[in-house]
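> Contents of input19.pdb (PDB, C-alpha atoms):
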```
MODEL        1
ATOM      1  CA  MET A 171     -30.973  -4.886  -9.108
ATOM      2  CA  GLN A 172     -30.914  -1.158  -8.405
ATOM      3  CA  PRO A 173     -27.958   0.676  -9.983
ATOM      4  CA  LYS A 174     -25.283   1.920  -7.599
ATOM      5  CA  ARG A 175     -25.284   5.669  -6.887
ATOM      6  CA  ILE A 176     -21.949   7.453  -7.001
ATOM      7  CA  LEU A 177     -21.169  11.012  -5.905
ATOM      8  CA  VAL A 178     -18.458  12.711  -7.973
ATOM      9  CA  ALA A 179     -17.094  15.872  -6.321
ATOM     10  CA  ASP A 180     -14.498  17.935  -8.212
ATOM     11  CA  ASP A 181     -14.277  21.661  -8.896
ATOM     12  CA  GLU A 182     -12.749  20.992 -12.328
ATOM     13  CA  GLY A 183     -15.833  20.752 -14.533
ATOM     14  CA  ALA A 184     -14.176  18.939 -17.437
ATOM     15  CA  LEU A 185     -12.792  16.168 -15.233
ATOM     16  CA  ARG A 186     -16.050  15.852 -13.297
ATOM     17  CA  ASP A 187     -17.925  15.497 -16.598
ATOM     18  CA  PHE A 188     -15.385  12.931 -17.875
ATOM     19  CA  ILE A 189     -15.812  10.753 -14.779
ATOM     20  CA  SER A 190     -19.591  11.122 -14.672
ATOM     21  CA  ARG A 191     -20.127  10.311 -18.351
ATOM     22  CA  ASN A 192     -18.034   7.158 -18.129
ATOM     23  CA  LEU A 193     -19.790   5.984 -14.963
ATOM     24  CA  ARG A 194     -23.248   6.599 -16.429
ATOM     25  CA  ALA A 195     -22.222   4.723 -19.592
ATOM     26  CA  ARG A 196     -21.545   1.688 -17.352
ATOM     27  CA  GLY A 197     -24.955   1.843 -15.697
ATOM     28  CA  PHE A 198     -24.179   3.816 -12.543
ATOM     29  CA  GLU A 199     -26.344   6.654 -11.229
ATOM     30  CA  VAL A 200     -24.231   9.757 -10.681
ATOM     31  CA  ALA A 201     -24.688  12.854  -8.517
ATOM     32  CA  GLU A 202     -22.232  15.730  -8.874
ATOM     33  CA  ALA A 203     -20.777  18.439  -6.631
ATOM     34  CA  SER A 204     -18.318  21.237  -7.402
ATOM     35  CA  ASN A 205     -17.019  21.923  -3.869
ATOM     36  CA  GLY A 206     -16.668  20.253  -0.498
ATOM     37  CA  LEU A 207     -19.695  21.786   1.199
ATOM     38  CA  GLU A 208     -21.907  20.841  -1.729
ATOM     39  CA  ALA A 209     -20.465  17.313  -1.608
ATOM     40  CA  LEU A 210     -21.471  16.944   2.054
ATOM     41  CA  ALA A 211     -24.984  18.191   1.301
ATOM     42  CA  VAL A 212     -25.392  15.825  -1.663
ATOM     43  CA  TRP A 213     -24.055  12.891   0.394
ATOM     44  CA  GLU A 214     -26.611  13.536   3.147
ATOM     45  CA  ARG A 215     -29.442  13.933   0.645
ATOM     46  CA  GLU A 216     -28.642  11.195  -1.878
ATOM     47  CA  THR A 217     -26.961   8.535   0.362
ATOM     48  CA  PRO A 218     -24.685   7.303  -2.451
ATOM     49  CA  HIS A 219     -22.969   3.906  -2.417
ATOM     50  CA  LEU A 220     -19.577   5.476  -3.234
ATOM     51  CA  LEU A 221     -17.935   8.915  -3.004
ATOM     52  CA  ILE A 222     -15.238  10.078  -5.424
ATOM     53  CA  LEU A 223     -13.667  13.213  -3.921
ATOM     54  CA  ASP A 224     -11.014  15.511  -5.318
ATOM     55  CA  ILE A 225      -8.609  16.585  -2.569
ATOM     56  CA  MET A 226      -8.200  20.188  -3.752
ATOM     57  CA  MET A 227     -11.700  21.699  -3.717
ATOM     58  CA  PRO A 228     -12.929  25.151  -2.673
ATOM     59  CA  ARG A 229     -15.036  25.828   0.448
ATOM     60  CA  MET A 230     -13.892  22.510   1.989
ATOM     61  CA  ASP A 231     -11.190  20.179   0.719
ATOM     62  CA  GLY A 232     -11.740  16.516   0.009
ATOM     63  CA  LEU A 233      -9.783  15.364   3.051
ATOM     64  CA  GLU A 234     -12.070  17.276   5.402
ATOM     65  CA  VAL A 235     -15.134  15.919   3.583
ATOM     66  CA  CYS A 236     -13.682  12.430   3.993
ATOM     67  CA  ARG A 237     -13.083  12.983   7.721
ATOM     68  CA  ARG A 238     -16.627  14.255   8.336
ATOM     69  CA  VAL A 239     -18.267  11.447   6.353
ATOM     70  CA  ARG A 240     -16.197   8.858   8.229
ATOM     71  CA  GLU A 241     -17.528  10.141  11.547
ATOM     72  CA  GLN A 242     -20.980   8.909  10.505
ATOM     73  CA  SER A 243     -20.629   6.320   7.765
ATOM     74  CA  ALA A 244     -18.487   3.503   6.352
ATOM     75  CA  VAL A 245     -19.488   4.350   2.757
ATOM     76  CA  PRO A 246     -16.571   3.682   0.377
ATOM     77  CA  ILE A 247     -14.500   6.734  -0.578
ATOM     78  CA  ILE A 248     -12.000   7.196  -3.407
ATOM     79  CA  VAL A 249      -9.938  10.392  -3.354
ATOM     80  CA  LEU A 250      -8.433  12.056  -6.414
ATOM     81  CA  THR A 251      -5.083  13.771  -6.073
ATOM     82  CA  ALA A 252      -2.695  15.595  -8.386
ATOM     83  CA  LEU A 253       0.048  14.988  -5.815
ATOM     84  CA  ASP A 254       2.145  11.865  -6.146
ATOM     85  CA  ALA A 255       3.788  12.157  -2.709
ATOM     86  CA  GLU A 256       3.219   9.043  -0.600
ATOM     87  CA  SER A 257       2.621  11.172   2.495
ATOM     88  CA  ASP A 258      -0.462  12.742   0.902
ATOM     89  CA  LYS A 259      -1.850   9.342  -0.038
ATOM     90  CA  VAL A 260      -1.224   7.989   3.454
ATOM     91  CA  THR A 261      -2.965  11.047   4.934
ATOM     92  CA  ALA A 262      -6.036  10.292   2.810
ATOM     93  CA  LEU A 263      -6.030   6.639   3.874
ATOM     94  CA  ASP A 264      -5.533   7.615   7.520
ATOM     95  CA  LEU A 265      -8.622   9.824   7.340
ATOM     96  CA  GLY A 266     -10.689   6.894   6.129
ATOM     97  CA  ALA A 267     -10.389   6.877   2.347
ATOM     98  CA  ASP A 268     -10.578   3.382   0.864
ATOM     99  CA  ASP A 269      -8.511   4.132  -2.218
ATOM    100  CA  TYR A 270      -6.977   6.937  -4.257
ATOM    101  CA  LEU A 271      -6.279   7.798  -7.874
ATOM    102  CA  THR A 272      -3.401  10.030  -8.947
ATOM    103  CA  LYS A 273      -4.175  12.419 -11.803
ATOM    104  CA  PRO A 274      -4.007  11.927 -14.705
ATOM    105  CA  PHE A 275      -5.705   8.542 -14.866
ATOM    106  CA  GLY A 276      -7.429   6.549 -17.578
ATOM    107  CA  VAL A 277     -10.985   5.260 -17.826
ATOM    108  CA  GLU A 278     -10.044   1.628 -17.241
ATOM    109  CA  GLU A 279      -8.028   2.457 -14.122
ATOM    110  CA  LEU A 280     -10.939   4.501 -12.761
ATOM    111  CA  LEU A 281     -13.481   1.755 -13.449
ATOM    112  CA  ALA A 282     -11.232  -0.948 -11.994
ATOM    113  CA  ARG A 283     -10.874   0.990  -8.727
ATOM    114  CA  VAL A 284     -14.603   1.728  -8.580
ATOM    115  CA  ARG A 285     -15.504  -1.938  -9.058
ATOM    116  CA  ALA A 286     -12.892  -3.076  -6.524
ATOM    117  CA  VAL A 287     -14.064  -0.653  -3.825
ATOM    118  CA  LEU A 288     -17.735  -1.527  -4.338
ATOM    119  CA  ARG A 289     -16.888  -5.237  -4.281
ATOM    120  CA  ARG A 290     -15.093  -4.909  -0.940
ATOM    121  CA  ALA A 291     -18.048  -2.996   0.497
ATOM    122  CA  GLN A 292     -20.467  -5.887  -0.056
ATOM    123  CA  PRO A 293     -21.639  -7.352   3.286
ATOM    124  CA  ASP A 294     -20.883 -10.889   2.076
ATOM    125  CA  ALA A 295     -17.544  -9.946   0.532
ATOM    126  CA  SER A 296     -14.789 -12.380   1.314
ATOM    127  CA  PRO A 297     -11.105 -12.340   0.467
ATOM    128  CA  ALA A 298     -10.557 -12.986  -3.223
ATOM    129  CA  ALA A 299      -9.207 -16.321  -4.270
ATOM    130  CA  SER A 300      -5.506 -16.350  -3.580
ATOM    131  CA  GLY A 301      -4.649 -19.949  -2.882
ATOM    132  CA  HIS A 302      -5.238 -19.404   0.850
ATOM    133  CA  PRO A 303      -8.506 -20.660   2.418
ATOM    134  CA  ALA A 304     -10.676 -18.106   4.212
ATOM    135  CA  GLU A 305     -11.386 -18.806   7.875
ATOM    136  CA  THR A 306     -14.947 -19.656   8.923
ATOM    137  CA  GLY A 307     -16.850 -20.166  12.175
ATOM    138  CA  THR A 308     -15.721 -18.479  15.394
ATOM    139  CA  LYS A 309     -12.146 -18.211  16.636
ATOM    140  CA  ARG A 310     -10.619 -16.814  19.823
ATOM    141  CA  PHE A 311      -7.062 -15.534  20.121
ATOM    142  CA  GLY A 312      -6.374 -14.339  23.641
ATOM    143  CA  ALA A 313      -8.730 -11.414  24.284
ATOM    144  CA  ILE A 314      -9.820 -11.299  20.627
ATOM    145  CA  LYS A 315     -12.892 -13.235  19.454
ATOM    146  CA  ILE A 316     -13.848 -13.303  15.777
ATOM    147  CA  ASP A 317     -17.223 -14.457  14.435
ATOM    148  CA  PHE A 318     -16.491 -14.805  10.727
ATOM    149  CA  ALA A 319     -20.069 -15.532   9.662
ATOM    150  CA  ALA A 320     -21.522 -12.497  11.448
ATOM    151  CA  HIS A 321     -18.480 -10.276  10.759
ATOM    152  CA  VAL A 322     -18.322  -9.426  14.472
ATOM    153  CA  VAL A 323     -15.063  -8.890  16.354
ATOM    154  CA  THR A 324     -14.793  -8.412  20.120
ATOM    155  CA  ARG A 325     -11.856  -7.555  22.352
ATOM    156  CA  ASP A 326     -12.259  -8.271  26.075
ATOM    157  CA  ASP A 327     -15.924  -9.040  25.237
ATOM    158  CA  ALA A 328     -16.516  -5.510  23.883
ATOM    159  CA  GLU A 329     -17.422  -5.245  20.193
ATOM    160  CA  VAL A 330     -14.839  -3.566  17.960
ATOM    161  CA  ARG A 331     -16.140  -1.905  14.807
ATOM    162  CA  LEU A 332     -14.115  -2.817  11.727
ATOM    163  CA  SER A 333     -14.612  -1.545   8.192
ATOM    164  CA  PRO A 334     -15.214  -4.185   5.487
ATOM    165  CA  THR A 335     -11.610  -3.859   4.317
ATOM    166  CA  GLU A 336     -10.225  -4.098   7.865
ATOM    167  CA  PHE A 337     -12.277  -7.244   8.472
ATOM    168  CA  ALA A 338     -11.198  -8.798   5.164
ATOM    169  CA  LEU A 339      -7.543  -8.148   6.019
ATOM    170  CA  LEU A 340      -7.991  -9.641   9.499
ATOM    171  CA  GLN A 341      -9.736 -12.678   8.022
ATOM    172  CA  GLN A 342      -6.957 -13.261   5.514
ATOM    173  CA  LEU A 343      -4.223 -13.012   8.152
ATOM    174  CA  VAL A 344      -6.058 -15.250  10.630
ATOM    175  CA  SER A 345      -6.773 -17.792   7.886
ATOM    176  CA  ASN A 346      -3.011 -18.162   7.602
ATOM    177  CA  VAL A 347      -2.099 -17.855  11.279
ATOM    178  CA  GLY A 348       1.632 -18.120  11.878
ATOM    179  CA  LYS A 349       2.470 -17.800   8.179
ATOM    180  CA  VAL A 350       4.132 -14.792   6.557
ATOM    181  CA  MET A 351       1.793 -13.167   4.025
ATOM    182  CA  THR A 352       3.645 -11.110   1.442
ATOM    183  CA  HIS A 353       2.587  -7.572   0.581
ATOM    184  CA  SER A 354       1.553  -8.666  -2.902
ATOM    185  CA  ALA A 355      -0.463 -11.666  -1.701
ATOM    186  CA  LEU A 356      -2.362  -9.597   0.875
ATOM    187  CA  LEU A 357      -3.129  -6.793  -1.568
ATOM    188  CA  LYS A 358      -4.396  -9.166  -4.235
ATOM    189  CA  SER A 359      -6.440 -11.289  -1.823
ATOM    190  CA  VAL A 360      -8.024  -8.415   0.110
ATOM    191  CA  TRP A 361      -8.082  -5.453  -2.294
ATOM    192  CA  GLY A 362      -8.357  -7.448  -5.513
ATOM    193  CA  PRO A 363      -6.331  -8.609  -8.524
ATOM    194  CA  GLU A 364      -5.932  -5.011  -9.698
ATOM    195  CA  TYR A 365      -3.549  -4.347  -6.785
ATOM    196  CA  GLY A 366      -0.077  -5.526  -5.853
ATOM    197  CA  GLY A 367       2.356  -2.660  -5.348
ATOM    198  CA  GLU A 368       0.518  -0.346  -2.945
ATOM    199  CA  ALA A 369       2.381  -1.234   0.267
ATOM    200  CA  GLU A 370       1.201   1.981   1.926
ATOM    201  CA  TYR A 371      -2.355   0.560   2.008
ATOM    202  CA  LEU A 372      -1.141  -2.285   4.193
ATOM    203  CA  ARG A 373       0.840  -0.028   6.535
ATOM    204  CA  VAL A 374      -2.240   2.080   7.201
ATOM    205  CA  TYR A 375      -4.657  -0.825   7.639
ATOM    206  CA  ILE A 376      -2.313  -2.921   9.789
ATOM    207  CA  ASN A 377      -1.849   0.155  11.965
ATOM    208  CA  ARG A 378      -5.648   0.468  12.302
ATOM    209  CA  LEU A 379      -5.986  -3.177  13.326
ATOM    210  CA  ARG A 380      -3.207  -2.768  15.884
ATOM    211  CA  HIS A 381      -4.865   0.274  17.452
ATOM    212  CA  LYS A 382      -8.216  -1.500  17.620
ATOM    213  CA  LEU A 383      -7.100  -4.965  18.725
ATOM    214  CA  GLU A 384      -3.601  -4.938  20.236
ATOM    215  CA  PRO A 385      -3.132  -4.439  24.021
ATOM    216  CA  ASP A 386      -0.215  -2.145  23.149
ATOM    217  CA  PRO A 387      -0.152  -1.071  19.480
ATOM    218  CA  ALA A 388       3.467   0.095  19.834
ATOM    219  CA  VAL A 389       4.538  -3.432  20.836
ATOM    220  CA  PRO A 390       2.308  -5.699  18.732
ATOM    221  CA  ARG A 391       1.594  -9.259  19.858
ATOM    222  CA  TYR A 392      -0.729 -10.330  17.054
ATOM    223  CA  PHE A 393       0.127  -8.351  13.920
ATOM    224  CA  ILE A 394       3.828  -8.796  13.272
ATOM    225  CA  THR A 395       5.759  -6.957  10.555
ATOM    226  CA  GLU A 396       8.222  -8.995   8.516
ATOM    227  CA  PRO A 397      10.424  -6.165   7.148
ATOM    228  CA  GLY A 398      10.556  -6.011   3.381
ATOM    229  CA  VAL A 399       8.308  -9.066   3.039
ATOM    230  CA  GLY A 400       4.871  -8.674   4.583
ATOM    231  CA  TYR A 401       2.922  -9.428   7.758
ATOM    232  CA  ARG A 402       2.145 -12.383  10.014
ATOM    233  CA  PHE A 403      -0.682 -13.009  12.493
ATOM    234  CA  VAL A 404       0.564 -14.731  15.655
ATOM    235  CA  ALA A 405      -1.732 -16.581  18.045
ATOM    236  CA  PRO A 406      -0.721 -16.025  21.698
TER     237      PRO A 406
ENDMDL
END
```
Would you mind writing the file's structure down as structure tokens?

Amino acid sequence: MQPKRILVADDEGALRDFISRNLRARGFEVAEASNGLEALAVWERETPHLLILDIMMPRMDGLEVCRRVREQSAVPIIVLTALDAESDKVTALDLGADDYLTKPFGVEELLARVRAVLRRAQPDASPAASGHPAETGTKRFGAIKIDFAAHVVTRDDAEVRLSPTEFALLQQLVSNVGKVMTHSALLKSVWGPEYGGEAEYLRVYINRLRHKLEPDPAVPRYFITEPGVGYRFVAP
């Protein structure tokens, strides 16, 4: 099996070297960039399997790099931030980042997030074991049709493009139609056992599913919030 290629973009040389050395020691191929424009060029040239982008970079910040990459690709992206404000993390997720790490972070935390993001990006990835069976076959809910084997979703017979994480979240909710799924259960089943307290991930991804699949995202029919508990998928 070919090793996964990872692009590490950070203008802080010591941190970039720390990340790169630890990834190479675990068998990954690593390309490096010291600013946003260089990161875009390396991404286009090297087609890595994962991007690790610092938010605060010269010549183009990591959020703008993330936005531009997302216009063309669903490649997994982890952003690095020195800011612990939830609004900054939500902004990164809204722009298409799959995950984030707040500086400072340890090697094991970094490697756990890298493995989790790459695992979710696998075409045959399915929700992790959580005690809830994953749905199979084809299901229709009103205007929404889901082919679980082909990972194809249509709304009013028009295909809707979902990222691997969006599809995994949809699959988990539909597998438990009518049941309330707690924040912790959804995070662990879709993102992986390393997760459990990152409720902002769910807010962003549920919002994406609503905008892509609901007739009126402001008045959801399918994806219902259970305040303080979690979410529920309702069949019309």
> Would you translate the PyMOL selection byres ((chain A and resi 213) around 10) into the concrete set of residues it matches in this file, as a PyMOL selection string?
chain A and resi 176-177+201-203+207-212+214-221+235+239+245
> With C-alpha atoms retained, export the selected residues as an mmCIF file, in the frame of the given file.

```
data_model
loop_
_atom_site.group_PDB
_atom_site.id
_atom_site.type_symbol
_atom_site.label_atom_id
_atom_site.label_comp_id
_atom_site.auth_asym_id
_atom_site.auth_seq_id
_atom_site.Cartn_x
_atom_site.Cartn_y
_atom_site.Cartn_z
ATOM 1 C CA ILE A 176 -21.949 7.453 -7.001
ATOM 2 C CA LEU A 177 -21.169 11.012 -5.905
ATOM 3 C CA ALA A 201 -24.688 12.854 -8.517
ATOM 4 C CA GLU A 202 -22.232 15.730 -8.874
ATOM 5 C CA ALA A 203 -20.777 18.439 -6.631
ATOM 6 C CA LEU A 207 -19.695 21.786 1.199
ATOM 7 C CA GLU A 208 -21.907 20.841 -1.729
ATOM 8 C CA ALA A 209 -20.465 17.313 -1.608
ATOM 9 C CA LEU A 210 -21.471 16.944 2.054
ATOM 10 C CA ALA A 211 -24.984 18.191 1.301
ATOM 11 C CA VAL A 212 -25.392 15.825 -1.663
ATOM 12 C CA GLU A 214 -26.611 13.536 3.147
ATOM 13 C CA ARG A 215 -29.442 13.933 0.645
ATOM 14 C CA GLU A 216 -28.642 11.195 -1.878
ATOM 15 C CA THR A 217 -26.961 8.535 0.362
ATOM 16 C CA PRO A 218 -24.685 7.303 -2.451
ATOM 17 C CA HIS A 219 -22.969 3.906 -2.417
ATOM 18 C CA LEU A 220 -19.577 5.476 -3.234
ATOM 19 C CA LEU A 221 -17.935 8.915 -3.004
ATOM 20 C CA VAL A 235 -15.134 15.919 3.583
ATOM 21 C CA VAL A 239 -18.267 11.447 6.353
ATOM 22 C CA VAL A 245 -19.488 4.350 2.757
#
```
> From the list A:Asp327, A:Met227, A:Val350, A:Gly276, which residue is nearest A:Tyr401 when using all atoms listed in the file?
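Answer, going by the shortest atom-to-atom distance: A:Val350.
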> Please indicate the distance in Å from atom CA of A:Arg378 to atom CA of A:Ala282, rounded to one decimal place.
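Computing the Euclidean distance for atom CA of A:Arg378 and atom CA of A:Ala282 yields 25.0 Å.
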> Can you work out which one of A:Glu199, A:Glu396, A:Asp386, A:Glu336 has the shortest atom-to-atom distance to A:Asp268, counting only C-alpha atoms?
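Counting only C-alpha atoms, the residue closest to A:Asp268 is A:Glu336.
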> Within 6 Å of (-13.3, 7.0, 8.8) (coordinates as in the file), grab all the protein and nucleic acid residues, counting all atoms listed in the file, and write them out as JSON, numbers by chain.
{"A": [240, 241, 265, 266]}
